[in-house]
$ cat structure.cif   # mmCIF, C-alpha atoms
data_my_file
#
loop_
_atom_site.group_PDB
_atom_site.id
_atom_site.type_symbol
_atom_site.label_atom_id
_atom_site.label_comp_id
_atom_site.auth_asym_id
_atom_site.auth_seq_id
_atom_site.Cartn_x
_atom_site.Cartn_y
_atom_site.Cartn_z
ATOM 1 C CA MET A 11 22.349 -15.586 -19.535
ATOM 2 C CA SER A 12 21.186 -17.029 -16.248
ATOM 3 C CA SER A 13 20.089 -15.759 -12.864
ATOM 4 C CA TYR A 14 21.236 -16.877 -9.470
ATOM 5 C CA PRO A 15 18.824 -19.302 -7.756
ATOM 6 C CA ILE A 16 15.882 -17.529 -6.156
ATOM 7 C CA ARG A 17 16.744 -16.466 -2.615
ATOM 8 C CA ASP A 18 14.558 -17.617 0.259
ATOM 9 C CA PRO A 19 11.455 -15.501 -0.447
ATOM 10 C CA GLU A 20 10.355 -15.431 3.182
ATOM 11 C CA LYS A 21 13.725 -14.313 4.574
ATOM 12 C CA ASP A 22 14.760 -12.022 1.710
ATOM 13 C CA HIS A 23 15.613 -8.499 2.903
ATOM 14 C CA LEU A 24 13.858 -7.161 -0.196
ATOM 15 C CA LEU A 25 10.107 -7.318 -0.775
ATOM 16 C CA THR A 26 8.811 -10.605 -2.155
ATOM 17 C CA PRO A 27 5.335 -12.011 -2.789
ATOM 18 C CA GLN A 28 5.915 -14.300 0.206
ATOM 19 C CA ASN A 29 7.017 -11.753 2.823
ATOM 20 C CA ALA A 30 4.896 -8.645 2.204
ATOM 21 C CA ALA A 31 1.319 -7.512 2.729
ATOM 22 C CA LEU A 32 -0.565 -4.410 1.569
ATOM 23 C CA ILE A 33 -2.568 -2.168 3.879
ATOM 24 C CA ILE A 34 -5.119 0.279 2.431
ATOM 25 C CA ILE A 35 -6.666 2.734 4.889
ATOM 26 C CA ASP A 36 -9.481 5.275 4.375
ATOM 27 C CA TYR A 37 -9.689 5.818 0.632
ATOM 28 C CA GLN A 38 -13.169 7.223 0.970
ATOM 29 C CA PRO A 39 -14.824 10.175 -0.826
ATOM 30 C CA THR A 40 -14.493 12.650 2.053
ATOM 31 C CA GLN A 41 -10.831 11.870 2.569
ATOM 32 C CA ILE A 42 -9.979 11.985 -1.135
ATOM 33 C CA ASN A 43 -11.737 15.316 -1.532
ATOM 34 C CA SER A 44 -9.575 16.780 1.254
ATOM 35 C CA ILE A 45 -6.231 15.858 -0.340
ATOM 36 C CA ASN A 46 -4.147 18.859 -1.380
ATOM 37 C CA SER A 47 -0.657 17.363 -1.626
ATOM 38 C CA MET A 48 -1.169 15.976 -5.149
ATOM 39 C CA ASN A 49 -3.678 15.803 -7.971
ATOM 40 C CA ARG A 50 -6.635 13.718 -6.779
ATOM 41 C CA LYS A 51 -7.185 11.889 -10.066
ATOM 42 C CA GLU A 52 -3.515 10.919 -10.043
ATOM 43 C CA LEU A 53 -3.858 9.782 -6.434
ATOM 44 C CA ILE A 54 -6.771 7.502 -7.323
ATOM 45 C CA ALA A 55 -4.903 6.060 -10.322
ATOM 46 C CA ASN A 56 -1.860 5.399 -8.160
ATOM 47 C CA ILE A 57 -3.667 3.664 -5.302
ATOM 48 C CA VAL A 58 -5.565 1.514 -7.792
ATOM 49 C CA ALA A 59 -2.221 0.551 -9.328
ATOM 50 C CA THR A 60 -0.916 -0.326 -5.866
ATOM 51 C CA ALA A 61 -3.906 -2.606 -5.321
ATOM 52 C CA GLN A 62 -3.429 -4.188 -8.750
ATOM 53 C CA ILE A 63 0.203 -4.901 -7.932
ATOM 54 C CA ALA A 64 -0.793 -6.636 -4.705
ATOM 55 C CA LYS A 65 -3.397 -8.729 -6.506
ATOM 56 C CA ALA A 66 -0.973 -9.695 -9.282
ATOM 57 C CA TYR A 67 1.469 -11.103 -6.722
ATOM 58 C CA ASN A 68 -1.164 -12.525 -4.364
ATOM 59 C CA LEU A 69 -0.177 -10.339 -1.420
ATOM 60 C CA PRO A 70 -2.568 -10.318 1.533
ATOM 61 C CA ILE A 71 -4.551 -7.062 1.463
ATOM 62 C CA ILE A 72 -5.973 -5.444 4.593
ATOM 63 C CA LEU A 73 -8.644 -2.866 3.771
ATOM 64 C CA SER A 74 -9.984 -0.441 6.366
ATOM 65 C CA THR A 75 -12.415 2.474 6.552
ATOM 66 C CA VAL A 76 -13.440 4.941 9.210
ATOM 67 C CA ASN A 77 -16.955 5.861 10.350
ATOM 68 C CA VAL A 78 -18.936 3.996 7.696
ATOM 69 C CA LYS A 79 -21.121 1.862 9.960
ATOM 70 C CA ASN A 80 -22.168 4.856 12.019
ATOM 71 C CA GLY A 81 -23.255 6.695 8.872
ATOM 72 C CA VAL A 82 -20.735 9.524 9.006
ATOM 73 C CA ASN A 83 -18.667 8.503 5.950
ATOM 74 C CA LYS A 84 -19.145 6.586 2.728
ATOM 75 C CA ASP A 85 -17.324 3.345 1.942
ATOM 76 C CA THR A 86 -14.083 2.784 0.012
ATOM 77 C CA ILE A 87 -14.298 4.251 -3.495
ATOM 78 C CA PRO A 88 -15.472 1.735 -6.124
ATOM 79 C CA GLN A 89 -12.263 1.924 -8.168
ATOM 80 C CA ILE A 90 -10.327 0.387 -5.282
ATOM 81 C CA ARG A 91 -13.082 -2.065 -4.418
ATOM 82 C CA GLU A 92 -13.007 -3.343 -7.987
ATOM 83 C CA ALA A 93 -9.225 -3.702 -7.878
ATOM 84 C CA VAL A 94 -9.035 -5.616 -4.576
ATOM 85 C CA GLY A 95 -11.997 -7.901 -5.177
ATOM 86 C CA ASN A 96 -14.178 -9.476 -2.509
ATOM 87 C CA ILE A 97 -12.119 -9.002 0.641
ATOM 88 C CA PRO A 98 -13.231 -7.955 4.143
ATOM 89 C CA SER A 99 -13.194 -4.300 5.122
ATOM 90 C CA TYR A 100 -12.513 -3.335 8.722
ATOM 91 C CA ASP A 101 -14.483 -0.253 9.730
ATOM 92 C CA ARG A 102 -13.283 1.768 12.702
ATOM 93 C CA THR A 103 -13.929 4.838 14.760
ATOM 94 C CA SER A 104 -10.268 5.234 15.744
ATOM 95 C CA ILE A 105 -8.071 7.603 13.740
ATOM 96 C CA ASN A 106 -5.176 5.210 14.328
ATOM 97 C CA ALA A 107 -6.129 1.907 12.716
ATOM 98 C CA TRP A 108 -3.532 0.096 14.852
ATOM 99 C CA GLU A 109 -5.766 0.796 17.858
ATOM 100 C CA ASP A 110 -8.685 -1.067 16.285
ATOM 101 C CA LYS A 111 -8.799 -4.684 17.488
ATOM 102 C CA GLU A 112 -10.158 -6.256 14.272
ATOM 103 C CA PHE A 113 -7.747 -4.395 12.043
ATOM 104 C CA TYR A 114 -4.779 -5.186 14.269
ATOM 105 C CA GLU A 115 -5.624 -8.878 14.419
ATOM 106 C CA ALA A 116 -6.105 -9.001 10.633
ATOM 107 C CA VAL A 117 -2.621 -7.581 10.090
ATOM 108 C CA LYS A 118 -1.106 -10.069 12.533
ATOM 109 C CA ALA A 119 -2.969 -12.936 10.845
ATOM 110 C CA THR A 120 -1.179 -12.305 7.545
ATOM 111 C CA GLY A 121 2.047 -13.526 9.125
ATOM 112 C CA ARG A 122 3.934 -10.928 7.082
ATOM 113 C CA LYS A 123 6.471 -8.569 8.685
ATOM 114 C CA LYS A 124 6.919 -6.248 5.690
ATOM 115 C CA LEU A 125 3.931 -3.935 5.373
ATOM 116 C CA LEU A 126 3.303 -1.873 2.279
ATOM 117 C CA MET A 127 1.213 0.839 3.863
ATOM 118 C CA THR A 128 -1.128 3.331 2.190
ATOM 119 C CA ALA A 129 -3.625 5.673 3.813
ATOM 120 C CA LEU A 130 -5.310 9.050 3.734
ATOM 121 C CA TRP A 131 -4.151 11.274 5.400
ATOM 122 C CA THR A 132 -0.360 10.885 5.473
ATOM 123 C CA GLU A 133 -0.129 12.974 8.628
ATOM 124 C CA ALA A 134 -2.577 10.896 10.650
ATOM 125 C CA CYS A 135 -4.109 7.681 9.339
ATOM 126 C CA LEU A 136 -0.844 6.643 7.700
ATOM 127 C CA SER A 137 1.766 7.894 10.143
ATOM 128 C CA PHE A 138 0.102 6.709 13.362
ATOM 129 C CA PRO A 139 -0.264 2.985 12.470
ATOM 130 C CA ALA A 140 3.101 3.080 10.702
ATOM 131 C CA LEU A 141 4.830 4.305 13.855
ATOM 132 C CA ASP A 142 3.000 1.754 15.993
ATOM 133 C CA ALA A 143 3.784 -1.103 13.600
ATOM 134 C CA MET A 144 7.475 -0.276 13.630
ATOM 135 C CA MET A 145 7.454 -0.244 17.426
ATOM 136 C CA GLU A 146 6.249 -3.854 17.256
ATOM 137 C CA GLY A 147 9.003 -4.936 14.890
ATOM 138 C CA TYR A 148 7.286 -4.613 11.525
ATOM 139 C CA GLU A 149 9.057 -3.132 8.515
ATOM 140 C CA VAL A 150 6.857 -0.399 7.084
ATOM 141 C CA TYR A 151 7.006 0.715 3.459
ATOM 142 C CA PRO A 152 4.844 3.793 2.794
ATOM 143 C CA VAL A 153 4.010 3.883 -0.928
ATOM 144 C CA VAL A 154 4.564 7.607 -1.319
ATOM 145 C CA ASP A 155 2.947 8.131 -4.728
ATOM 146 C CA ALA A 156 -0.276 6.484 -3.545
ATOM 147 C CA VAL A 157 -0.808 8.513 -0.354
ATOM 148 C CA GLY A 158 -1.679 12.132 0.337
ATOM 149 C CA GLY A 159 -2.178 14.766 2.989
ATOM 150 C CA THR A 160 -4.284 17.835 3.592
ATOM 151 C CA SER A 161 -1.361 19.959 2.395
ATOM 152 C CA LEU A 162 1.987 19.316 0.768
ATOM 153 C CA LEU A 163 3.713 20.452 3.963
ATOM 154 C CA ALA A 164 1.645 18.082 6.114
ATOM 155 C CA HIS A 165 2.321 15.197 3.726
ATOM 156 C CA GLU A 166 6.067 15.776 3.498
ATOM 157 C CA THR A 167 6.467 16.382 7.236
ATOM 158 C CA ALA A 168 4.687 13.121 8.022
ATOM 159 C CA LEU A 169 6.906 11.228 5.575
ATOM 160 C CA ARG A 170 9.970 12.692 7.279
ATOM 161 C CA ARG A 171 8.683 11.674 10.703
ATOM 162 C CA MET A 172 8.048 8.100 9.561
ATOM 163 C CA GLU A 173 11.387 7.868 7.789
ATOM 164 C CA GLN A 174 13.222 9.141 10.855
ATOM 165 C CA ALA A 175 11.496 6.373 12.836
ATOM 166 C CA GLY A 176 12.692 3.734 10.369
ATOM 167 C CA ALA A 177 10.069 3.584 7.623
ATOM 168 C CA ILE A 178 11.335 2.658 4.151
ATOM 169 C CA LEU A 179 9.804 4.996 1.588
ATOM 170 C CA THR A 180 8.961 3.432 -1.762
ATOM 171 C CA THR A 181 6.927 3.945 -4.937
ATOM 172 C CA ASN A 182 4.682 1.808 -7.111
ATOM 173 C CA THR A 183 7.355 1.332 -9.754
ATOM 174 C CA GLN A 184 9.928 0.262 -7.193
ATOM 175 C CA VAL A 185 7.484 -2.139 -5.518
ATOM 176 C CA LEU A 186 6.516 -3.700 -8.826
ATOM 177 C CA CYS A 187 10.122 -4.231 -9.906
ATOM 178 C CA GLU A 188 11.084 -5.495 -6.450
ATOM 179 C CA LEU A 189 8.336 -8.098 -6.432
ATOM 180 C CA GLN A 190 9.008 -9.202 -10.019
ATOM 181 C CA ARG A 191 12.828 -9.180 -9.711
ATOM 182 C CA ASP A 192 13.418 -11.347 -12.802
ATOM 183 C CA TRP A 193 11.734 -11.230 -16.224
ATOM 184 C CA ASN A 194 12.003 -15.025 -16.339
ATOM 185 C CA ARG A 195 9.139 -15.171 -13.839
ATOM 186 C CA ASN A 196 6.696 -15.492 -16.688
ATOM 187 C CA GLU A 197 3.585 -15.986 -14.573
ATOM 188 C CA THR A 198 3.651 -12.327 -13.510
ATOM 189 C CA ALA A 199 5.721 -10.616 -16.239
ATOM 190 C CA ALA A 200 2.654 -9.769 -18.325
ATOM 191 C CA ALA A 201 1.012 -8.134 -15.300
ATOM 192 C CA VAL A 202 4.079 -5.927 -14.834
ATOM 193 C CA VAL A 203 3.859 -4.667 -18.412
ATOM 194 C CA HIS A 204 0.099 -4.108 -18.136
ATOM 195 C CA ILE A 205 0.365 -2.099 -14.924
ATOM 196 C CA PHE A 206 3.253 -0.050 -16.309
ATOM 197 C CA GLN A 207 1.160 0.722 -19.379
ATOM 198 C CA GLU A 208 -1.882 1.677 -17.326
ATOM 199 C CA THR A 209 0.164 4.039 -15.137
ATOM 200 C CA GLY A 210 1.978 5.584 -18.082
ATOM 201 C CA VAL A 211 5.440 4.230 -17.268
ATOM 202 C CA PHE A 212 5.352 2.321 -20.567
ATOM 203 C CA LEU A 213 3.646 3.925 -23.538
ATOM 204 C CA LYS A 214 1.096 1.784 -25.337
ATOM 205 C CA LEU A 215 2.646 1.435 -28.797
ATOM 206 C CA GLU A 216 0.405 0.379 -31.650
#
$ encode --input "structure.cif" --output "structure tokens"
Amino acid sequence: MSSYPIRDPEKDHLLTPQNAALIIIDYQPTQINSINSMNRKELIANIVATAQIAKAYNLPIILSTVNVKNGVNKDTIPQIREAVGNIPSYDRTSINAWEDKEFYEAVKATGRKKLLMTALWTEACLSFPALDAMMEGYEVYPVVDAVGGTSLLAHETALRRMEQAGAILTTNTQVLCELQRDWNRNETAAAVVHIFQETGVFLKLE
């Protein structure tokens, strides 16, 4: 058994560790406590898994919060902070992160055109920068099992709006398999199994 030679990882039409970046927006206590489109514990587990995937494949991670410096909100929840490590966080007052200069420049500085995008809420802090990014030629991949809205209707309607504008909906499992692509890539294969076990995709067998 043998695989074809690895395609150009920067030009590949699929996600690769060399062409994608992860964006994490507003996973703060107030926002999490307002999510009603899915179970909040499951939401936290899923966004942590998303962050772990990005770290395993060395994707650039852009982390952003809203209204922390002015004292209105608390910072990113510690579970995510632990997963992403010591990276900058771009605090804003704008609902649309794309309209924040530091955030926008950080995304551009990654040099990546495929953006795995996660945010709370789906109907605002995810959909607005996603729509703007696509207008500028980025490919946007909302990770649907790691995002949430104030209601299931709001969440699903926002996903439809983004998809109609060209967003490519995806999930953690799909992202992980897409980045790994071949079990012969031994340097990351163990991370795949670990993340699948932690998220319950693979059962931990004794």
$ residues_around --input "structure.cif" --residues "A:His165" --least-positions-apart "5" --cutoff "7 Å" --atoms "only C-alpha atoms" --output "PDB file with C-alpha atoms, keeping the file's coordinate frame"
ATOM      1  CA  SER A  47      -0.657  17.363  -1.626  1.00  0.00           C
ATOM      2  CA  THR A 132      -0.360  10.885   5.473  1.00  0.00           C
ATOM      3  CA  GLU A 133      -0.129  12.974   8.628  1.00  0.00           C
ATOM      4  CA  GLY A 158      -1.679  12.132   0.337  1.00  0.00           C
ATOM      5  CA  GLY A 159      -2.178  14.766   2.989  1.00  0.00           C
TER       6      GLY A 159
END
$ residues_around --input "structure.cif" --residues "A:Glu197" --least-positions-apart "5" --cutoff "12 Å" --atoms "all atoms listed in the file" --output "JSON, numbers by chain"
{"A": [66, 67, 68, 190, 192, 202, 203]}
$ resolve_selection --input "structure.cif" --expression "the PyMOL selection byres ((chain A and resi 127) around 7)" --output "short mmCIF file (atom, residue, chain, number, x, y, z; two decimals) with C-alpha atoms, in the coordinates of the input"
data_model
loop_
_atom_site.label_atom_id
_atom_site.label_comp_id
_atom_site.auth_asym_id
_atom_site.auth_seq_id
_atom_site.Cartn_x
_atom_site.Cartn_y
_atom_site.Cartn_z
CA LEU A 32 -0.56 -4.41 1.57
CA ILE A 33 -2.57 -2.17 3.88
CA ILE A 34 -5.12 0.28 2.43
CA LEU A 125 3.93 -3.94 5.37
CA LEU A 126 3.30 -1.87 2.28
CA THR A 128 -1.13 3.33 2.19
CA ALA A 129 -3.62 5.67 3.81
CA VAL A 150 6.86 -0.40 7.08
CA TYR A 151 7.01 0.72 3.46
CA PRO A 152 4.84 3.79 2.79
CA VAL A 153 4.01 3.88 -0.93
#
$ residues_around --input "structure.cif" --residues "A:Glu149" --least-positions-apart "5" --cutoff "7 Å" --atoms "all atoms listed in the file" --output "PyMOL selection string"
chain A and resi 123-125+144+177
$ residues_near_point --input "structure.cif" --point "(6.9, 15.0, 10.2)" --cutoff "12 Å" --atoms "only C-alpha atoms" --output "list in words"
Thr132, Glu133, Ala134, Leu136, Ser137, Phe138, Leu141, Gly159, Leu162, Leu163, Ala164, His165, Glu166, Thr167, Ala168, Leu169, Arg170, Arg171, Met172, Glu173, Gln174 and Ala175 of chain A
$ atom_distance --input "structure.cif" --atom1 "atom CA of A:Ala156" --atom2 "atom CA of A:Val58"
8.4 Å
$ closest_residue --input "structure.cif" --among "A:Asn194, A:Glu20, A:Ser104, A:Ile205" --to "A:Ala64" --atoms "all atoms listed in the file"
A:Ile205
$ atom_distance --input "structure.cif" --atom1 "atom CA of A:Trp108" --atom2 "atom CA of A:Pro139"
5.0 Å
$ resolve_selection --input "structure.cif" --expression "the PyMOL selection byres ((chain A and resi 183) around 12)" --output "PDB file with C-alpha atoms, keeping the file's coordinate frame"
ATOM      1  CA  ASN A  56      -1.860   5.399  -8.160  1.00  0.00           C
ATOM      2  CA  ALA A  59      -2.221   0.551  -9.328  1.00  0.00           C
ATOM      3  CA  THR A  60      -0.916  -0.326  -5.866  1.00  0.00           C
ATOM      4  CA  ILE A  63       0.203  -4.901  -7.932  1.00  0.00           C
ATOM      5  CA  VAL A 153       4.010   3.883  -0.928  1.00  0.00           C
ATOM      6  CA  VAL A 154       4.564   7.607  -1.319  1.00  0.00           C
ATOM      7  CA  ASP A 155       2.947   8.131  -4.728  1.00  0.00           C
ATOM      8  CA  ALA A 156      -0.276   6.484  -3.545  1.00  0.00           C
ATOM      9  CA  THR A 180       8.961   3.432  -1.762  1.00  0.00           C
ATOM     10  CA  THR A 181       6.927   3.945  -4.937  1.00  0.00           C
ATOM     11  CA  ASN A 182       4.682   1.808  -7.111  1.00  0.00           C
ATOM     12  CA  GLN A 184       9.928   0.262  -7.193  1.00  0.00           C
ATOM     13  CA  VAL A 185       7.484  -2.139  -5.518  1.00  0.00           C
ATOM     14  CA  LEU A 186       6.516  -3.700  -8.826  1.00  0.00           C
ATOM     15  CA  CYS A 187      10.122  -4.231  -9.906  1.00  0.00           C
ATOM     16  CA  GLU A 188      11.084  -5.495  -6.450  1.00  0.00           C
ATOM     17  CA  LEU A 189       8.336  -8.098  -6.432  1.00  0.00           C
ATOM     18  CA  GLN A 190       9.008  -9.202 -10.019  1.00  0.00           C
ATOM     19  CA  ARG A 191      12.828  -9.180  -9.711  1.00  0.00           C
ATOM     20  CA  VAL A 202       4.079  -5.927 -14.834  1.00  0.00           C
ATOM     21  CA  VAL A 203       3.859  -4.667 -18.412  1.00  0.00           C
ATOM     22  CA  ILE A 205       0.365  -2.099 -14.924  1.00  0.00           C
ATOM     23  CA  PHE A 206       3.253  -0.050 -16.309  1.00  0.00           C
ATOM     24  CA  GLN A 207       1.160   0.722 -19.379  1.00  0.00           C
ATOM     25  CA  GLU A 208      -1.882   1.677 -17.326  1.00  0.00           C
ATOM     26  CA  THR A 209       0.164   4.039 -15.137  1.00  0.00           C
ATOM     27  CA  GLY A 210       1.978   5.584 -18.082  1.00  0.00           C
ATOM     28  CA  VAL A 211       5.440   4.230 -17.268  1.00  0.00           C
ATOM     29  CA  PHE A 212       5.352   2.321 -20.567  1.00  0.00           C
TER      30      PHE A 212
END
$ closest_residue --input "structure.cif" --among "A:Leu24, A:Ala31, A:Ser44, A:Ile87" --to "A:Thr160" --atoms "only C-alpha atoms"
A:Ser44
$ residues_around --input "structure.cif" --residues "A:Arg102" --least-positions-apart "6" --cutoff "9 Å" --atoms "all atoms listed in the file" --output "ChimeraX atom specification"
/A:74-79,110,112-113
$ atom_distance --input "structure.cif" --atom1 "atom CA of A:Asp85" --atom2 "atom CA of A:Ser99"
9.3 Å
$ axis_aligned_box --input "structure.cif" --around "stretch 45-58 of chain A" --padding-each-side "5 Å" --output "JSON"
{"center_x": -3.9, "center_y": 10.2, "center_z": -5.3, "size_x": 16.5, "size_y": 27.3, "size_z": 20.0}
$ closest_residue --input "structure.cif" --among "A:Thr86, A:Thr26, A:Lys21, A:Arg122" --to "A:Gln41" --atoms "all atoms listed in the file"
A:Thr86
$ closest_residue --input "structure.cif" --among "A:Thr120, A:Ile16, A:Leu73, A:Ala55" --to "A:Pro98" --atoms "only C-alpha atoms"
A:Leu73
$ closest_residue --input "structure.cif" --among "A:Gly95, A:Leu130, A:Asp22, A:Gln28" --to "A:Asn43" --atoms "all atoms listed in the file"
A:Leu130
$ build_atoms --input "structure.cif" --residues "stretch 185-195 of chain A" --atoms "all heavy atoms" --output "PDB file, in the coordinates of the input"
ATOM      1  N   VAL A 185       8.133  -0.947  -6.071  1.00  0.00           N
ATOM      2  CA  VAL A 185       7.484  -2.139  -5.518  1.00  0.00           C
ATOM      3  C   VAL A 185       7.278  -3.193  -6.598  1.00  0.00           C
ATOM      4  O   VAL A 185       7.568  -4.387  -6.401  1.00  0.00           O
ATOM      5  CB  VAL A 185       6.137  -1.767  -4.864  1.00  0.00           C
ATOM      6  CG1 VAL A 185       5.338  -3.027  -4.527  1.00  0.00           C
ATOM      7  CG2 VAL A 185       6.354  -0.936  -3.616  1.00  0.00           C
ATOM      8  N   LEU A 186       6.800  -2.755  -7.749  1.00  0.00           N
ATOM      9  CA  LEU A 186       6.516  -3.700  -8.826  1.00  0.00           C
ATOM     10  C   LEU A 186       7.788  -4.395  -9.298  1.00  0.00           C
ATOM     11  O   LEU A 186       7.822  -5.622  -9.464  1.00  0.00           O
ATOM     12  CB  LEU A 186       5.855  -2.945  -9.991  1.00  0.00           C
ATOM     13  CG  LEU A 186       5.229  -3.754 -11.128  1.00  0.00           C
ATOM     14  CD1 LEU A 186       4.304  -4.841 -10.596  1.00  0.00           C
ATOM     15  CD2 LEU A 186       4.476  -2.826 -12.069  1.00  0.00           C
ATOM     16  N   CYS A 187       8.856  -3.628  -9.480  1.00  0.00           N
ATOM     17  CA  CYS A 187      10.122  -4.231  -9.906  1.00  0.00           C
ATOM     18  C   CYS A 187      10.719  -5.126  -8.817  1.00  0.00           C
ATOM     19  O   CYS A 187      11.331  -6.161  -9.107  1.00  0.00           O
ATOM     20  CB  CYS A 187      11.115  -3.137 -10.279  1.00  0.00           C
ATOM     21  SG  CYS A 187      10.685  -2.230 -11.780  1.00  0.00           S
ATOM     22  N   GLU A 188      10.531  -4.728  -7.561  1.00  0.00           N
ATOM     23  CA  GLU A 188      11.084  -5.495  -6.450  1.00  0.00           C
ATOM     24  C   GLU A 188      10.380  -6.836  -6.301  1.00  0.00           C
ATOM     25  O   GLU A 188      11.010  -7.863  -6.001  1.00  0.00           O
ATOM     26  CB  GLU A 188      10.970  -4.675  -5.167  1.00  0.00           C
ATOM     27  CG  GLU A 188      11.862  -5.119  -4.042  1.00  0.00           C
ATOM     28  CD  GLU A 188      12.005  -4.060  -2.961  1.00  0.00           C
ATOM     29  OE1 GLU A 188      11.704  -2.875  -3.225  1.00  0.00           O
ATOM     30  OE2 GLU A 188      12.411  -4.415  -1.844  1.00  0.00           O
ATOM     31  N   LEU A 189       9.087  -6.852  -6.519  1.00  0.00           N
ATOM     32  CA  LEU A 189       8.336  -8.098  -6.432  1.00  0.00           C
ATOM     33  C   LEU A 189       8.614  -9.003  -7.638  1.00  0.00           C
ATOM     34  O   LEU A 189       8.699 -10.226  -7.498  1.00  0.00           O
ATOM     35  CB  LEU A 189       6.840  -7.817  -6.323  1.00  0.00           C
ATOM     36  CG  LEU A 189       6.367  -7.149  -5.033  1.00  0.00           C
ATOM     37  CD1 LEU A 189       4.900  -6.759  -5.138  1.00  0.00           C
ATOM     38  CD2 LEU A 189       6.577  -8.065  -3.822  1.00  0.00           C
ATOM     39  N   GLN A 190       8.756  -8.408  -8.810  1.00  0.00           N
ATOM     40  CA  GLN A 190       9.008  -9.202 -10.019  1.00  0.00           C
ATOM     41  C   GLN A 190      10.434  -9.751 -10.031  1.00  0.00           C
ATOM     42  O   GLN A 190      10.648 -10.946 -10.220  1.00  0.00           O
ATOM     43  CB  GLN A 190       8.774  -8.346 -11.266  1.00  0.00           C
ATOM     44  CG  GLN A 190       9.036  -9.071 -12.573  1.00  0.00           C
ATOM     45  CD  GLN A 190       8.111 -10.251 -12.830  1.00  0.00           C
ATOM     46  OE1 GLN A 190       7.005 -10.322 -12.284  1.00  0.00           O
ATOM     47  NE2 GLN A 190       8.548 -11.201 -13.646  1.00  0.00           N
ATOM     48  N   ARG A 191      11.409  -8.857  -9.874  1.00  0.00           N
ATOM     49  CA  ARG A 191      12.828  -9.180  -9.711  1.00  0.00           C
ATOM     50  C   ARG A 191      13.483  -9.808 -10.920  1.00  0.00           C
ATOM     51  O   ARG A 191      14.652  -9.582 -11.189  1.00  0.00           O
ATOM     52  CB  ARG A 191      13.040 -10.081  -8.494  1.00  0.00           C
ATOM     53  CG  ARG A 191      14.414  -9.971  -7.842  1.00  0.00           C
ATOM     54  CD  ARG A 191      14.486  -8.798  -6.936  1.00  0.00           C
ATOM     55  NE  ARG A 191      13.577  -8.896  -5.804  1.00  0.00           N
ATOM     56  CZ  ARG A 191      13.841  -9.595  -4.706  1.00  0.00           C
ATOM     57  NH1 ARG A 191      14.977 -10.268  -4.585  1.00  0.00           N
ATOM     58  NH2 ARG A 191      12.976  -9.591  -3.715  1.00  0.00           N
ATOM     59  N   ASP A 192      12.795 -10.628 -11.681  1.00  0.00           N
ATOM     60  CA  ASP A 192      13.418 -11.347 -12.802  1.00  0.00           C
ATOM     61  C   ASP A 192      12.361 -11.527 -13.885  1.00  0.00           C
ATOM     62  O   ASP A 192      11.263 -12.040 -13.623  1.00  0.00           O
ATOM     63  CB  ASP A 192      13.930 -12.714 -12.313  1.00  0.00           C
ATOM     64  CG  ASP A 192      14.816 -13.414 -13.323  1.00  0.00           C
ATOM     65  OD1 ASP A 192      14.555 -13.280 -14.540  1.00  0.00           O
ATOM     66  OD2 ASP A 192      15.763 -14.104 -12.914  1.00  0.00           O
ATOM     67  N   TRP A 193      12.701 -11.107 -15.128  1.00  0.00           N
ATOM     68  CA  TRP A 193      11.734 -11.230 -16.224  1.00  0.00           C
ATOM     69  C   TRP A 193      11.448 -12.683 -16.568  1.00  0.00           C
ATOM     70  O   TRP A 193      10.473 -12.983 -17.270  1.00  0.00           O
ATOM     71  CB  TRP A 193      12.242 -10.489 -17.455  1.00  0.00           C
ATOM     72  CG  TRP A 193      12.213  -8.999 -17.297  1.00  0.00           C
ATOM     73  CD1 TRP A 193      13.274  -8.158 -17.213  1.00  0.00           C
ATOM     74  CD2 TRP A 193      11.043  -8.171 -17.183  1.00  0.00           C
ATOM     75  NE1 TRP A 193      12.846  -6.855 -17.050  1.00  0.00           N
ATOM     76  CE2 TRP A 193      11.486  -6.834 -17.026  1.00  0.00           C
ATOM     77  CE3 TRP A 193       9.676  -8.426 -17.184  1.00  0.00           C
ATOM     78  CZ2 TRP A 193      10.607  -5.763 -16.894  1.00  0.00           C
ATOM     79  CZ3 TRP A 193       8.790  -7.363 -17.052  1.00  0.00           C
ATOM     80  CH2 TRP A 193       9.257  -6.049 -16.903  1.00  0.00           C
ATOM     81  N   ASN A 194      12.273 -13.608 -16.087  1.00  0.00           N
ATOM     82  CA  ASN A 194      12.003 -15.025 -16.339  1.00  0.00           C
ATOM     83  C   ASN A 194      10.820 -15.544 -15.525  1.00  0.00           C
ATOM     84  O   ASN A 194      10.380 -16.678 -15.740  1.00  0.00           O
ATOM     85  CB  ASN A 194      13.248 -15.865 -16.021  1.00  0.00           C
ATOM     86  CG  ASN A 194      14.270 -15.826 -17.142  1.00  0.00           C
ATOM     87  OD1 ASN A 194      13.901 -15.649 -18.304  1.00  0.00           O
ATOM     88  ND2 ASN A 194      15.540 -15.971 -16.811  1.00  0.00           N
ATOM     89  N   ARG A 195      10.321 -14.756 -14.605  1.00  0.00           N
ATOM     90  CA  ARG A 195       9.139 -15.171 -13.839  1.00  0.00           C
ATOM     91  C   ARG A 195       7.898 -14.860 -14.684  1.00  0.00           C
ATOM     92  O   ARG A 195       7.204 -13.873 -14.508  1.00  0.00           O
ATOM     93  CB  ARG A 195       9.124 -14.459 -12.484  1.00  0.00           C
ATOM     94  CG  ARG A 195      10.360 -14.815 -11.656  1.00  0.00           C
ATOM     95  CD  ARG A 195      10.456 -14.059 -10.347  1.00  0.00           C
ATOM     96  NE  ARG A 195      11.718 -14.368  -9.682  1.00  0.00           N
ATOM     97  CZ  ARG A 195      12.128 -13.835  -8.537  1.00  0.00           C
ATOM     98  NH1 ARG A 195      11.363 -12.963  -7.892  1.00  0.00           N
ATOM     99  NH2 ARG A 195      13.292 -14.168  -8.015  1.00  0.00           N
TER     100      ARG A 195
END
